[in-house]
Each structure stands twice: as structure tokens, then as C-alpha cells.
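Structure file model-v3.txt; described as compact mmCIF, C-alpha atoms.
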# COMPACT_ATOMS: atom_id res chain seq x y z
CA MET M 90 37.83 162.17 67.83
CA PRO M 91 34.99 162.04 70.38
CA VAL M 92 31.72 163.40 69.00
CA PHE M 93 28.70 164.64 70.93
CA ASN M 94 26.10 166.77 69.13
CA ALA M 95 28.83 168.28 66.98
CA GLU M 96 26.95 168.68 63.69
CA LYS M 97 27.78 172.38 63.34
CA TYR M 98 31.55 171.97 62.96
CA LEU M 99 32.06 168.22 62.52
CA ARG M 100 32.50 168.16 58.74
CA GLU M 101 35.24 170.80 58.88
CA ALA M 102 37.05 168.82 61.59
CA ILE M 103 36.92 165.54 59.64
CA ASP M 104 37.89 167.24 56.37
CA SER M 105 40.96 168.76 58.04
CA ILE M 106 42.18 165.23 58.85
CA ILE M 107 41.40 163.86 55.40
CA ASN M 108 43.37 166.75 53.90
CA GLN M 109 46.55 166.03 55.89
CA ASN M 110 49.64 165.81 53.69
CA TYR M 111 50.77 162.89 55.87
CA THR M 112 48.46 160.16 54.64
CA ASP M 113 49.22 157.05 56.75
CA TRP M 114 46.59 157.47 59.46
CA GLU M 115 43.32 156.11 60.77
CA LEU M 116 40.65 158.39 62.24
CA ILE M 117 38.83 156.84 65.19
CA ILE M 118 35.47 158.60 65.54
CA ILE M 119 33.34 157.73 68.55
CA ASN M 120 29.78 159.05 68.68
CA ASP M 121 28.91 159.49 72.35
CA GLY M 122 25.14 159.43 72.12
CA SER M 123 24.57 162.39 69.78
CA VAL M 124 20.93 163.24 69.03
CA ASP M 125 21.64 165.71 66.22
CA CYS M 126 22.82 164.97 62.67
CA SER M 127 26.38 164.02 63.67
CA GLU M 128 25.92 160.37 62.66
CA ASN M 129 24.58 161.28 59.22
CA ILE M 130 27.62 163.49 58.62
CA ILE M 131 30.05 160.75 59.69
CA GLU M 132 28.35 158.08 57.60
CA SER M 133 28.46 160.29 54.51
CA TYR M 134 32.22 159.68 54.22
CA THR M 135 33.56 156.79 52.16
CA ASP M 136 37.26 157.13 53.08
CA THR M 137 38.27 153.72 54.45
CA ARG M 138 40.69 155.32 56.88
CA LEU M 139 37.72 156.50 58.95
CA ARG M 140 36.66 154.02 61.64
CA TYR M 141 33.28 154.83 63.16
CA TYR M 142 32.07 153.60 66.56
CA LYS M 143 28.94 154.47 68.48
CA ASN M 144 28.36 154.27 72.22
CA ASP M 145 25.04 152.68 73.21
CA GLN M 146 24.45 155.68 75.43
CA ASN M 147 26.25 158.85 76.45
CA ILE M 148 29.17 157.80 78.68
CA GLY M 149 30.99 161.13 78.84
CA LEU M 150 34.20 162.54 77.44
CA ILE M 151 36.74 160.74 79.64
CA ALA M 152 35.29 157.25 79.13
CA THR M 153 35.02 157.94 75.40
CA LEU M 154 38.62 159.13 75.20
CA ASN M 155 39.84 156.02 77.01
CA LYS M 156 37.79 153.81 74.71
CA GLY M 157 39.40 155.55 71.76
CA ILE M 158 42.88 154.88 73.12
CA ASP M 159 42.12 151.15 73.18
CA LEU M 160 40.85 151.25 69.60
CA CYS M 161 43.97 152.92 68.17
CA ASN M 162 46.43 150.73 66.24
CA GLY M 163 49.11 153.21 65.21
CA GLU M 164 52.49 154.05 66.69
CA TYR M 165 51.24 157.55 67.53
CA ILE M 166 47.92 158.92 68.77
CA ALA M 167 46.86 162.45 67.84
CA ARG M 168 44.02 164.09 69.76
CA MET M 169 41.42 165.95 67.79
CA ASP M 170 38.15 167.59 68.79
CA ALA M 171 35.03 167.64 66.64
CA ASP M 172 34.86 171.44 66.51
CA ASP M 173 38.51 172.28 65.70
CA ILE M 174 40.48 172.36 62.45
CA ALA M 175 43.90 170.73 62.01
CA GLU M 176 46.31 172.45 59.64
CA LYS M 177 47.24 170.20 56.71
CA ASP M 178 50.86 169.65 57.84
CA ARG M 179 50.08 168.94 61.50
CA PHE M 180 50.69 165.18 61.39
CA ARG M 181 53.79 165.48 59.22
CA ILE M 182 55.49 168.01 61.52
CA GLN M 183 54.59 166.36 64.82
CA ILE M 184 55.46 162.82 63.73
CA ALA M 185 58.76 164.03 62.26
CA PHE M 186 59.61 165.61 65.62
CA LEU M 187 58.83 162.43 67.57
CA GLU M 188 60.70 160.27 65.07
CA LYS M 189 63.78 162.45 65.38
CA ASN M 190 63.60 162.90 69.16
CA ARG M 191 63.07 159.40 70.55
CA ASP M 192 63.47 160.55 74.17
CA TYR M 193 60.34 162.73 73.87
CA VAL M 194 56.94 161.10 74.27
CA LEU M 195 54.50 163.84 73.32
CA CYS M 196 54.37 167.18 71.57
CA GLY M 197 51.76 169.88 71.25
CA SER M 198 51.71 173.01 69.12
CA ASP M 199 50.63 176.62 69.05
CA ALA M 200 47.12 177.41 67.83
CA LYS M 201 45.06 180.12 66.21
CA ILE M 202 41.80 180.80 68.03
CA ILE M 203 38.69 180.93 65.84
CA ASP M 204 35.08 181.79 66.59
CA LYS M 205 31.86 180.15 65.44
CA ASN M 206 32.28 181.76 62.01
CA ASN M 207 35.92 180.62 61.61
CA ALA M 208 37.15 184.19 62.08
CA GLU M 209 40.54 184.35 63.78
CA THR M 210 40.19 186.06 67.17
CA GLY M 211 43.61 185.40 68.69
CA LYS M 212 46.54 183.06 69.02
CA ILE M 213 47.87 180.74 71.73
CA LEU M 214 51.61 180.41 72.23
CA ASN M 215 53.10 178.02 74.77
CA LEU M 216 56.62 177.37 75.97
CA GLN M 217 58.43 174.74 73.93
CA THR M 218 61.32 173.14 75.83
CA ASN M 219 61.07 170.28 78.31
CA ASP M 220 62.78 172.19 81.16
CA TYR M 221 60.22 174.99 81.10
CA LEU M 222 57.21 172.80 80.39
CA GLN M 223 58.00 170.66 83.43
CA ILE M 224 58.03 173.81 85.57
CA ASN M 225 54.98 175.31 83.87
CA LEU M 226 53.00 172.17 84.77
CA LEU M 227 53.59 173.08 88.40
CA PHE M 228 51.33 176.11 87.82
CA SER M 229 49.04 175.56 84.82
CA VAL M 230 48.48 173.62 81.60
CA PRO M 231 51.10 174.52 78.95
CA PHE M 232 49.52 172.34 76.25
CA ILE M 233 46.49 172.71 73.99
CA HIS M 234 44.79 169.34 74.42
CA PRO M 235 43.57 168.81 70.82
CA SER M 236 47.03 169.74 69.50
CA ILE M 237 48.74 166.81 71.25
CA THR M 238 50.38 163.90 69.43
CA ILE M 239 51.76 161.21 71.72
CA ARG M 240 53.43 157.82 71.48
CA SER M 241 50.73 155.17 71.57
CA GLU M 242 52.61 152.91 74.00
CA VAL M 243 52.74 155.75 76.54
CA LEU M 244 49.06 156.64 76.31
CA LYS M 245 47.95 153.00 76.45
CA ASN M 246 49.72 152.80 79.82
CA ASN M 247 48.35 156.14 81.05
CA TYR M 248 44.63 156.62 80.63
CA PHE M 249 42.63 159.74 81.43
CA ASP M 250 41.56 159.63 85.10
CA PRO M 251 37.81 160.20 85.73
CA ASP M 252 38.63 161.49 89.23
CA PHE M 253 39.96 164.65 87.55
CA LYS M 254 36.95 165.44 85.35
CA HIS M 255 37.19 168.85 83.61
CA ALA M 256 40.99 168.90 84.07
CA GLU M 257 41.74 165.30 83.07
CA ASP M 258 44.22 166.43 80.42
CA TYR M 259 46.22 168.53 82.91
CA GLU M 260 46.45 165.59 85.30
CA LEU M 261 47.54 163.22 82.54
CA TRP M 262 50.24 165.52 81.16
CA CYS M 263 51.63 165.95 84.70
CA ARG M 264 51.67 162.20 85.26
CA ILE M 265 53.49 161.56 81.98
CA ALA M 266 55.90 164.49 82.34
CA ASN M 267 56.95 163.28 85.78
CA LYS M 268 58.71 160.40 84.01
CA ARG M 269 59.32 161.46 80.41
CA LYS M 270 60.28 164.42 78.22
CA VAL M 271 57.61 166.60 76.59
CA ALA M 272 57.62 169.47 74.08
CA ASN M 273 55.61 172.00 72.14
CA ILE M 274 56.39 172.75 68.52
CA GLY M 275 56.44 176.44 67.62
CA TYR M 276 54.07 176.19 64.66
CA PHE M 277 50.38 176.98 64.42
CA LEU M 278 49.16 173.46 63.68
CA LEU M 279 45.60 173.83 64.97
CA ARG M 280 42.70 176.21 64.63
CA TYR M 281 41.16 176.03 68.08
CA ARG M 282 37.52 176.98 68.32
CA TRP M 283 36.58 179.04 71.36
CA HIS M 284 32.86 179.41 72.06
CA SER M 285 30.34 179.35 74.88
CA SER M 286 30.06 175.54 74.77
CA ASN M 287 33.73 174.91 75.58
CA VAL M 288 34.25 172.76 78.69
CA SER M 289 36.55 175.46 80.08
CA VAL M 290 33.72 177.98 79.82
CA ILE M 291 30.86 175.84 81.12
CA ASN M 292 32.73 174.23 84.01
CA ALA M 293 35.21 176.98 84.88
CA GLU M 294 34.64 176.96 88.66
CA LYS M 295 34.80 173.17 89.02
CA GLN M 296 37.81 173.07 86.71
CA GLU M 297 39.71 175.45 88.98
CA GLU M 298 39.00 173.23 92.00
CA ILE M 299 40.40 170.20 90.18
CA LYS M 300 43.42 172.17 88.99
CA ASP M 301 44.14 173.13 92.61
CA ARG M 302 44.21 169.43 93.51
CA ILE M 303 46.68 168.75 90.72
CA ILE M 304 48.91 171.69 91.66
CA CYS M 305 49.00 170.53 95.29
CA ARG M 306 49.89 167.01 94.19
CA GLU M 307 52.76 168.30 92.06
CA LEU M 308 54.02 170.46 94.93
CA ASN M 309 53.82 167.42 97.21
CA ASN M 310 56.31 165.73 94.86
CA ILE M 311 58.93 168.17 96.20
CA ASN M 312 57.54 167.86 99.74
CA LEU M 313 55.60 171.12 99.79
CA GLN M 314 52.11 171.32 101.29
CA PRO M 315 50.87 174.84 100.56
CA SER M 316 48.53 176.67 102.88
CA GLU M 317 45.48 178.35 101.38
CA LYS M 318 47.41 181.64 101.25
CA GLU M 319 50.44 179.99 99.66
CA LEU M 320 48.25 178.35 97.02
CA TYR M 321 46.81 181.76 96.16
CA LEU M 322 50.32 183.22 95.89
CA HIS M 323 51.39 180.27 93.76
CA LYS M 324 48.64 180.91 91.23
CA VAL M 325 48.30 184.67 91.32
CA THR M 326 50.42 185.63 88.32
CA PHE M 327 48.56 183.14 86.13
CA LEU M 328 45.04 183.74 87.42
CA GLN M 329 45.24 187.51 87.42
CA PHE M 330 47.79 188.34 84.78
CA ASP M 331 47.96 185.51 82.24
CA SER M 332 44.40 184.30 82.00
CA LYS M 333 42.30 183.59 78.90
CA SER M 334 39.22 184.87 80.71
CA ALA M 335 38.50 188.49 81.44
CA ILE M 336 39.36 188.46 85.13
CA LYS M 337 39.48 191.88 86.72
CA LYS M 338 43.03 192.63 87.81
CA GLU M 339 43.14 193.22 91.55
CA ALA M 340 45.64 195.25 93.53
CA PHE M 341 48.49 193.14 94.86
CA ASP M 342 50.85 194.07 97.66
CA ASN M 343 51.99 190.74 99.10
CA TYR M 344 55.39 190.86 97.44
CA SER M 345 57.32 189.78 100.53
CA GLU M 346 55.12 186.70 100.98
CA LEU M 347 55.34 185.82 97.29
CA ASP M 348 59.12 186.22 97.43
CA SER M 349 59.25 183.82 100.39
CA TRP M 350 57.00 181.29 98.64
CA PHE M 351 59.11 181.28 95.49
CA GLN M 352 62.23 180.84 97.62
CA LYS M 353 60.51 177.93 99.35
CA ILE M 354 59.95 176.22 95.97
CA ILE M 355 63.60 176.73 94.98
CA THR M 356 64.88 175.37 98.30
CA ALA M 357 62.58 172.33 98.16
CA ASN M 358 63.67 171.60 94.61
CA ARG M 359 67.33 171.52 95.67
CA SER M 360 66.56 168.49 97.83
CA PHE M 361 64.73 166.59 95.08
CA GLN M 362 66.41 167.91 91.90
CA ARG M 363 63.02 167.70 90.15
CA TYR M 364 63.55 170.82 88.03
CA ASN M 365 66.55 172.45 86.40
CA GLU M 366 67.45 175.14 88.95
CA ALA M 367 68.47 177.86 86.49
CA ALA M 368 65.27 177.29 84.52
CA LEU M 369 63.20 177.32 87.73
CA ILE M 370 64.65 180.60 89.04
CA SER M 371 64.30 182.23 85.61
CA PHE M 372 60.71 181.03 85.26
CA LEU M 373 59.75 182.33 88.71
CA TRP M 374 61.51 185.64 88.11
CA SER M 375 59.72 186.13 84.79
CA ARG M 376 56.38 185.53 86.54
CA TRP M 377 57.41 187.98 89.27
CA ILE M 378 58.19 190.61 86.61
CA VAL M 379 54.83 190.02 84.90
CA LEU M 380 53.15 190.76 88.22
CA CYS M 381 55.24 193.85 88.91
CA VAL M 382 54.64 195.31 85.46
CA SER M 383 50.91 194.58 85.64
CA GLN M 384 50.80 196.42 88.98
CA LYS M 385 53.08 199.22 87.69
CA ASN M 386 55.35 198.47 90.63
CA TYR M 387 58.56 198.65 88.62
CA LYS M 388 60.90 199.12 91.59
CA LYS M 389 60.11 195.59 92.77
CA ILE M 390 61.29 193.97 89.54
CA PHE M 391 65.00 193.80 90.29
CA ASN M 392 65.23 192.86 93.96
CA PRO M 393 63.38 189.65 94.86
CA LYS M 394 65.48 187.60 97.27
CA PHE M 395 64.94 184.37 95.32
CA SER M 396 66.48 185.79 92.13
CA SER M 397 70.07 185.52 90.95
CA TYR M 398 72.25 187.77 88.82
CA LYS M 399 74.30 184.91 87.43
CA LEU M 400 74.65 185.33 83.68
CA PRO M 401 72.88 182.08 82.65
CA ILE M 402 69.85 183.01 84.78
CA LEU M 403 69.78 186.58 83.49
CA SER M 404 69.95 185.30 79.92
CA ARG M 405 67.17 182.76 80.48
CA THR M 406 64.96 185.35 82.21
CA PHE M 407 65.42 187.86 79.40
CA LYS M 408 64.44 185.25 76.79
CA LEU M 409 61.38 184.26 78.81
CA LEU M 410 60.30 187.89 79.02
CA LEU M 411 60.64 188.24 75.26
CA PHE M 412 58.43 185.17 74.87
CA LEU M 413 55.82 186.51 77.32
CA ARG M 414 55.82 189.89 75.58
CA LYS M 415 55.18 188.16 72.26
CA LYS M 416 52.50 185.96 73.84
CA THR M 417 50.57 188.90 75.31
CA LYS M 418 50.70 190.89 72.05
CA LEU M 419 48.92 188.19 70.05

Could I get this file's structure written as C-alpha cells?
Amino acid sequence: MPVFNAEKYLREAIDSIINQNYTDWELIIINDGSVDCSENIIESYTDTRLRYYKNDQNIGLIATLNKGIDLCNGEYIARMDADDIAEKDRFRIQIAFLEKNRDYVLCGSDAKIIDKNNAETGKILNLQTNDYLQINLLFSVPFIHPSITIRSEVLKNNYFDPDFKHAEDYELWCRIANKRKVANIGYFLLRYRWHSSNVSVINAEKQEEIKDRIICRELNNINLQPSEKELYLHKVTFLQFDSKSAIKKEAFDNYSELDSWFQKIITANRSFQRYNEAALISFLWSRWIVLCVSQKNYKKIFNPKFSSYKLPILSRTFKLLLFLRKKTKL
């Protein structure tokens, strides 16, 4: 748990770890140069499972996270932020999943969004299965960073990269998922605090630039180098129609170009076999439908050239649409 001037919510965050019904843990708390009462709050605890460290000066989130990785002794490492609240069965459920599924290296969870007064303002649902998460990473982050629990041996060989500041988690999950299986667990195991001091709010523009770099790198893995227009098409259904921020929905009429771009991804993937093809086509078709519905262009839904009417793809697409409908209703 990195801490920087977190006095307002810190006690609730620490208490939520102490109250876990899985009790075999150590909480690594690193104070990154706080000038508020954070240290007093931390030092008020007598639980010997808390291990407190203090940086001599503020070294930033990424360096503090990497320092924390080195200090961890357990088989698993769970991320936690100083302003969030972990549900009491978070550790038990996530560790049980990783114990049972030895071929998976990390798992996240769904989350309830809370405001500064702990009032619930929404929910975050993410896809759960490895096939879809691998594909989702080609477009956006399908994990809530402070909900992640990961095998220690994996994280100690894959540190957060300072070259990707503000999207360092996205880059790391892509790097790990390129080699190993990942998952989300369909339980609300975190209360995720959304406020004006969130990194995603303060550094939104810079974060998008870094995300573009990551997306291009992932596309390069299947030998695609998108033009500026293709990169826009690649992101449009997420930026305009699946965004946490209140982005004004713009008119869209480049269906033919989007169709061609999605077909380009499918064709490139056939050469590299990076993604499950049925899952890829279904994922792209579900995003296409989201766009068409958002634009009220219903006639376009059923006839993209990249789609397929094979039963397994139809079934997958239908299930994805049910998930997206549930996600947007929360």
C-alpha cells in the first residue's frame, strides 16, 4: 500500500485489510513523503502484521510500488490503495482462485464505486475469462488496479515500468498476459473511491498518450502498425461509447473503414494465432453493435464483413452483449 498524503481515507483502507477473514498476510505500507497526518495514523496501529517503511523523500508511485514488490515475502501480492476499501473476503476468494487454477498468474475483481463520503455511486464490471481479457487488453485496461492479486514470483520478475507513467499498470498487465493466463473474479471485492484526486482524473490527457503507445505495441505483436486514422477507429467504441468520463458522443459514419480495420486485425491474428479467433470475432462484433446502437444505426448491426454467422460465434456474441447490457445498466 503506497501512501502519499492519504490521511482522509487511510484508516478505512488499513482497517479493511485488518478485517480480512483470511488472516495470513502482511501489509507493506510505504509512506512516500507525506506531509499530512498519514504517519501518525499508521503508527497508531499495533498489529504486528503491518510493516511500515518511509521513503526519505517523495520518489513517486512507480518507484514506491517497485520498492514494495521487493519488500514482499508472501506467495501472493495483493495491490491496495490508501483511499479504497477491500471487502472482508477479498483475500480468501482471490487466493482460493489462484490456488485452484495454477495456470493463472493474476486475478482482479469487480468493484463498487464510492465517493468521498463512502456513498455508492456506481459499479465496475469487467470481463472474466482469459480469452476475452487478452483481447480486451488490445484496446483498454480490463482490470481495476487495486483489485489485483498476483503470484509474487511473477511480479518480482516484472516490475512497473517508469517509461509508462500514468498507465504503468496497463503496460504491466499486457506484458504479463502476453505470456500467462489472467482472470477477473465476478465478485465485488473492492470499494473503489473515485474523486477529483484520482490519477486518471488529474493526468487524463497524458494517460491517453501513454495508452496509445501501449495499444500500438500490442498491435505490433501481430505485425500491425496503425495509421492515425486506424488508431482512432481502433479506440472509438471505447472512447466514445464505453468511457467512465462524460465524453460527448459524436456522430460516426466511418463504418466501412471500421469494418476494414477489424477485418485487418482478424487476418493478422490468423498468421500469429495470438488470440482465439472465435473470441476475437465475437468481441469485435459486440463492439461494433455497441457503436451501431449508440448511433441508432440499427441496420448496420447485422452486416459487417468481418463477422460470421457460425453458431459458436453467434453464441459468444450474444453472451457478450448480455454482459455489456448489464455493465451499462449499473

Is it possible to get the axis-aligned box enclosing region 235-248 of chain M (all listed atoms, 3 Å extra per side) as AutoDock Vina command-line options, with centre and edge lengths in Å rounded to one decimal?
--center_x 48.5 --center_y 161.3 --center_z 75.2 --size_x 15.9 --size_y 22.9 --size_z 17.6

Task: Between CA of Pro251 (chain M) and CA of Lys97 (chain M) - distance in Å to one decimal - done: 27.4 Å

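Nearest residue to Phe186 (chain M) among M:Ile103, M:Ile239, M:Ile117, M:Ala340 is M:Ile239, counting all atoms listed in the file.
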
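CA of Glu209 (chain M) to CA of Pro235 (chain M) spans 17.3 Å [interatomic distance, one decimal].
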
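Nearest residue to Gln223 (chain M), choosing from M:Glu257, M:Asp104, M:Glu307, M:Glu164 and counting only C-alpha atoms: M:Glu307.
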
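Between CA of Tyr98 (chain M) and CA of Trp283 (chain M) the separation is 12.1 Å.
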
TODO: Compare M:Glu176, M:Glu132, M:Asp145, M:Asp125 by their minimum atom-to-atom distance to Ile106 (chain M), counting all atoms listed in the file, and give me the closest one.
DONE: M:Glu176

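Those residues that approach Lys245 (chain M) to within 9 Å, counting all atoms listed in the file, are Asn155, Ile158, Asp159, Arg240, Ser241, Glu242 and Tyr248 of chain M; same-chain residues fewer than 3 positions away are not listed.
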